[in-house]
Amino acid sequence: MERYPATKGGGRGATATAPGRARPAPQEAESAADLPPLLLLHRPRALRRARSMALPRLLRAAAPRLYSTVPAPAPAPAPAGNRPRADDDKLLTEPLSHPDFFSVKELFTLKDLFDARVHLGHKKGCRHRFMEPYIFGCRLDQDIIDLDQTMQHLQLALNFTAHVAYRGGIILFVSRRRQFCHLVESTARACGEYAHTRYWQGGLLTNAHIQFGPGVRLPDLLIFLNTLNNVFEPHVAIRDAAKMNIPTVGVVDTNCNPCLITYPIPGNDDSPAAVELYCKLFRMTIIRAKDKRRQSEAVEELQRKAQGK
Amino acid sequence: SWEGRVDHNKLCPEVKAFPSPTVRLICTTTAVQKRNVGASGPEKYTEAFIKKQIEEFNLGKRHLANMMGEDPETFTQEDIDRAIAYLFPSGLFDKRARPLMKHPTEVFPEQRKIQWGEDGRPFHFLFYTGKQSYYSLMHKNICDILNRNLAGSRWLTKIELEEMLLEKVSDNDYSRFIQLLQKLATLPCADIEEKYIQKFSKEVPAQLQKVVIEPLQHDERGVAFSTGEGKRKTARATAVVYDNGTGRITVNGIDILHYFPVLQDREQLLFPFQFLGRIGKHDMVCTVSGGGRSAQAGAIRLASAKALRSFVTEKEVEFMRQAGLLTVDPRVKERKKPGQEGPRRKFTWKKR
């Protein structure tokens with residue numbers, strides 16, 4: 001908590017309190033104030049609606065724990081080498097002042113997207129009504145996705161992912177296609193993040209404190225390589241993430257519903273070439289962001305040591 | 001730990017040699033509390049709790065030893081059991097209902113420790129699935145399957161076995177031996193004998209199925225030529241295509257106009273040349289046997305297309321492949337089935 005106050009506020013809104021956790025009220029205000037401008041600008045309708053659910057949770061959190069038998073987990077001791085608050089702020093606010101701090105635009109070109117067959121959608125009959133703005137046209141009954149829009153959305157999504165990874169957020173890759181299950185898990189492992197390509201148990205996000213344990217930390221970002229599950233219905237995790245105020249990045253095909261996804265990426269999710277391209281891009285962004293964080297911290301350490309001397 | 005814990009002072013008020021431990025309530029039932037405990041699953045014990053229980057157990061052991069007048073250092077579990085049975089005689093039938101004092105690790109079931117670090121990040125990358133150990137096993141299995149050496153292994157042949165044993169082996173003996181080896185390999189603990197089994201198996205290296213296009217050959221006149229083989233239904237054909245030709249095609253020594261009177265068959269023969277735009281540039285000599293008129297034409301077409309690959313660039317070979325010129329036509333005559341008049345035709349249905 002002392003180390004990453006802005007992380008908790010950065011990944012979600014100030015409503016990230018677990019019910020039943022005794023945290024003094026002033027801490028809530030701190031994390032609310034730390035909400036970075038990035039999220040305030042891009043907060044979609046889903047999050048704004050979910051905020052109204054947050055108020056009773058805040059009140060509950062402020063009340064003392066009355067009935068639990070498990071002792072309250074002791075607050076994590078401040079790790080050695082705790083940096084002063086001023087440096088923390090500088091490290092976290094500096095990337096937000098640049099539009100493309102992690103130079104995400106260099107990672108891909110329109111030709112790469114075209115070669116990976118990202119523009120190919122499903123047939124006209126499978127089209128979802130809300131995907132019509134993203135479709136360029138229809139040829140021989142097959143929908144073609146507008147790659148200019150895909151480029152913009154992909155840049156936004158990768159930029160957001162990079163920022164979340166920079167702040168040490170937990171990223172969860174979700175996909176329910178058996179064909180790409182192994183690829184997605186390997187990508188997550190390579191980045192040092194987490195994956196869930198198996199059957200989604202109902203209360204994973206909404207009932208986490210009972211299923212996993214009292215002090216669990218929920219993911220700060222969900223990345224969907226495939227928004228539909230095996231029966232061609234929207235994945236339950238999209239709705240749950242919107243309920244829990246967790247932002248989502250998702251690749252939406254022409255038969256998917258882009259409504260509740262924070263950063264949709266209109267594109268093909270069926271071809272192996274396209275999915276490999278997405279995995280490669282996400283992996284490179286996350287590794288880049290983490291490396292940059294480590295570099296900045298190292299630079300700061302050196303500066304502080306120099307000043308201290 | 002002490003299940004039926006009671007206050008020392010109440011137990012033996014006259015003995016006040018040692019300070020009494022903190023007064024504890026005898027465990028209340030969960031029905032007293034208002035929370036729905038069933039929803040949270042089995043009770044979870046934190047590491048600190050277990051540690052404390054162990055400390056209390058050791059302390060209690062020493063107290064017990066003191067009470068019994070024995071040496072606290074050499075007080076074993078059997079002594080504890082005897083002491084408890086002496087101090088708390090119980091007439092209960094079920095042994096598990098009697099008061100017991102055991103080491104906390106035996107009393108509290110082993111549970112998983114906290115799965116995440118100080119900053120809250122879980123250790124395992126599949127933590128959020130709920131069943132991390134099981135799914136990581138599945139993931140590893142797929143990795144193993146993908147990384148496995150594609151080369152298979154085969155058992156020794158009869159001749160190799162004869163060489164190994166320096167004895168004659170009959171067919172029956174050999175087949176029984178192979179069956180026995182397979183049975184041994186499928187037994188549960190076959191890994192122990194794997195070295196022994198490997199003595200009788202050989203690695204078969206995986207052969208790459210890349211098609212090799214043969215280079216041009218030259219005959220005694222210096223003209224470049226290339227051969228190709230083709231088949232269609234029961235017809236088998238070989239074609240030799242010569243360079244610097246005028247477009248003469250000979251089949252079994254006979255000119256095509258005489259061998260294939262029908263236009264359709266001649267069109268089939270010329271199609272590969274027409275596709276590549278080399279109609280008047282090559283001579284061809286073919287031999288064909290088997291099949292009928294159309295089948296022979298198709299067989300020669302495939303043979304000539306295969307022969308032409310050597311004259312042409314790789315891109316054009318790919319175009320030919322996409323046009324279907326290099327694929328063997330798999331269609332053969334379908335067999336007649338019993339109860340039907342032909343392969344598909346059923347007998348005439350009569351209402352009465």
# chains A, B, ... in the order shown; residues from 1 in each chain; ligands from 1
>>> select_by_dssp(residues="region 130-232 of chain B", states="strand (DSSP E)", output="PyMOL selection string")
chain B and resi 152-155+201-204+217-218+224-232
>>> select_by_dssp(residues="region 27-231 of chain B", states="helix (DSSP H, G or I)", output="PyMOL selection string")
chain B and resi 30-32+37-40+47-68+72-74+77-87+95-97+104-107+127-129+132-147+158-165+171-186+194-198
>>> residues_around(residues="Arg198 (chain A)", least_positions_apart="6", cutoff="10 Å", atoms="only C-alpha atoms", output="ChimeraX atom specification")
/A:174-178,181 /B:126,129-131,135
>>> atom_distance(atom1="CA of Pro272 (chain A)", atom2="CA of Phe136 (chain A)")
22.0 Å
>>> closest_residue(among="B:Ile142, B:Leu257, B:Ile80, B:Ala97", to="chain A", atoms="only C-alpha atoms")
B:Ile142
>>> interface_residues(of="chain A", to="chain B", cutoff="6 Å", atoms="only C-alpha atoms", output="NGL selection string")
:A and (194-196 or 210 or 217)
>>> decode(residues="region 241-258 of chain A", atoms="N, CA, C and O atoms", output="PDB file, in the first residue's frame")
ATOM      1  N   ALA A 241     -15.615  -7.746 -15.425  1.00  0.00           N
ATOM      2  CA  ALA A 241     -14.587  -6.700 -15.321  1.00  0.00           C
ATOM      3  C   ALA A 241     -15.246  -5.330 -15.265  1.00  0.00           C
ATOM      4  O   ALA A 241     -14.827  -4.454 -14.509  1.00  0.00           O
ATOM      5  N   ALA A 242     -16.321  -5.146 -16.050  1.00  0.00           N
ATOM      6  CA  ALA A 242     -17.026  -3.867 -15.994  1.00  0.00           C
ATOM      7  C   ALA A 242     -17.652  -3.671 -14.617  1.00  0.00           C
ATOM      8  O   ALA A 242     -17.648  -2.569 -14.067  1.00  0.00           O
ATOM      9  N   LYS A 243     -18.152  -4.752 -14.031  1.00  0.00           N
ATOM     10  CA  LYS A 243     -18.736  -4.647 -12.683  1.00  0.00           C
ATOM     11  C   LYS A 243     -17.689  -4.269 -11.650  1.00  0.00           C
ATOM     12  O   LYS A 243     -17.965  -3.510 -10.728  1.00  0.00           O
ATOM     13  N   MET A 244     -16.476  -4.847 -11.813  1.00  0.00           N
ATOM     14  CA  MET A 244     -15.436  -4.636 -10.812  1.00  0.00           C
ATOM     15  C   MET A 244     -14.549  -3.450 -11.156  1.00  0.00           C
ATOM     16  O   MET A 244     -13.485  -3.289 -10.559  1.00  0.00           O
ATOM     17  N   ASN A 245     -14.959  -2.638 -12.141  1.00  0.00           N
ATOM     18  CA  ASN A 245     -14.181  -1.441 -12.486  1.00  0.00           C
ATOM     19  C   ASN A 245     -12.787  -1.771 -12.974  1.00  0.00           C
ATOM     20  O   ASN A 245     -11.842  -1.054 -12.680  1.00  0.00           O
ATOM     21  N   ILE A 246     -12.640  -2.861 -13.694  1.00  0.00           N
ATOM     22  CA  ILE A 246     -11.333  -3.227 -14.247  1.00  0.00           C
ATOM     23  C   ILE A 246     -11.364  -2.899 -15.741  1.00  0.00           C
ATOM     24  O   ILE A 246     -12.239  -3.377 -16.453  1.00  0.00           O
ATOM     25  N   PRO A 247     -10.442  -2.079 -16.255  1.00  0.00           N
ATOM     26  CA  PRO A 247     -10.469  -1.749 -17.681  1.00  0.00           C
ATOM     27  C   PRO A 247     -10.118  -2.974 -18.517  1.00  0.00           C
ATOM     28  O   PRO A 247      -9.355  -3.843 -18.085  1.00  0.00           O
ATOM     29  N   THR A 248     -10.680  -3.021 -19.725  1.00  0.00           N
ATOM     30  CA  THR A 248     -10.435  -4.161 -20.618  1.00  0.00           C
ATOM     31  C   THR A 248      -9.939  -3.686 -21.967  1.00  0.00           C
ATOM     32  O   THR A 248     -10.356  -2.661 -22.467  1.00  0.00           O
ATOM     33  N   VAL A 249      -9.055  -4.500 -22.531  1.00  0.00           N
ATOM     34  CA  VAL A 249      -8.604  -4.311 -23.910  1.00  0.00           C
ATOM     35  C   VAL A 249      -9.036  -5.575 -24.626  1.00  0.00           C
ATOM     36  O   VAL A 249      -8.815  -6.670 -24.124  1.00  0.00           O
ATOM     37  N   GLY A 250      -9.688  -5.466 -25.798  1.00  0.00           N
ATOM     38  CA  GLY A 250     -10.156  -6.693 -26.439  1.00  0.00           C
ATOM     39  C   GLY A 250     -10.133  -6.604 -27.948  1.00  0.00           C
ATOM     40  O   GLY A 250     -10.415  -5.549 -28.521  1.00  0.00           O
ATOM     41  N   VAL A 251      -9.787  -7.739 -28.581  1.00  0.00           N
ATOM     42  CA  VAL A 251      -9.832  -7.817 -30.048  1.00  0.00           C
ATOM     43  C   VAL A 251     -11.247  -8.230 -30.418  1.00  0.00           C
ATOM     44  O   VAL A 251     -11.682  -9.329 -30.076  1.00  0.00           O
ATOM     45  N   VAL A 252     -11.970  -7.335 -31.096  1.00  0.00           N
ATOM     46  CA  VAL A 252     -13.369  -7.626 -31.443  1.00  0.00           C
ATOM     47  C   VAL A 252     -13.467  -7.931 -32.928  1.00  0.00           C
ATOM     48  O   VAL A 252     -13.036  -7.136 -33.754  1.00  0.00           O
ATOM     49  N   ASP A 253     -14.040  -9.064 -33.238  1.00  0.00           N
ATOM     50  CA  ASP A 253     -14.263  -9.455 -34.623  1.00  0.00           C
ATOM     51  C   ASP A 253     -15.635  -8.935 -35.053  1.00  0.00           C
ATOM     52  O   ASP A 253     -16.373  -8.373 -34.245  1.00  0.00           O
ATOM     53  N   THR A 254     -16.011  -9.168 -36.313  1.00  0.00           N
ATOM     54  CA  THR A 254     -17.269  -8.584 -36.799  1.00  0.00           C
ATOM     55  C   THR A 254     -18.498  -9.234 -36.168  1.00  0.00           C
ATOM     56  O   THR A 254     -19.593  -8.700 -36.269  1.00  0.00           O
ATOM     57  N   ASN A 255     -18.321 -10.408 -35.504  1.00  0.00           N
ATOM     58  CA  ASN A 255     -19.490 -10.998 -34.869  1.00  0.00           C
ATOM     59  C   ASN A 255     -19.508 -10.781 -33.360  1.00  0.00           C
ATOM     60  O   ASN A 255     -20.274 -11.428 -32.648  1.00  0.00           O
ATOM     61  N   CYS A 256     -18.662  -9.871 -32.853  1.00  0.00           N
ATOM     62  CA  CYS A 256     -18.580  -9.643 -31.405  1.00  0.00           C
ATOM     63  C   CYS A 256     -19.272  -8.351 -31.012  1.00  0.00           C
ATOM     64  O   CYS A 256     -19.473  -7.465 -31.837  1.00  0.00           O
ATOM     65  N   ASN A 257     -19.560  -8.223 -29.706  1.00  0.00           N
ATOM     66  CA  ASN A 257     -20.187  -7.027 -29.168  1.00  0.00           C
ATOM     67  C   ASN A 257     -19.116  -6.169 -28.507  1.00  0.00           C
ATOM     68  O   ASN A 257     -18.554  -6.558 -27.492  1.00  0.00           O
ATOM     69  N   PRO A 258     -18.823  -4.979 -29.056  1.00  0.00           N
ATOM     70  CA  PRO A 258     -17.728  -4.179 -28.498  1.00  0.00           C
ATOM     71  C   PRO A 258     -18.156  -3.290 -27.346  1.00  0.00           C
ATOM     72  O   PRO A 258     -17.367  -2.471 -26.875  1.00  0.00           O
TER      73      PRO A 258
END
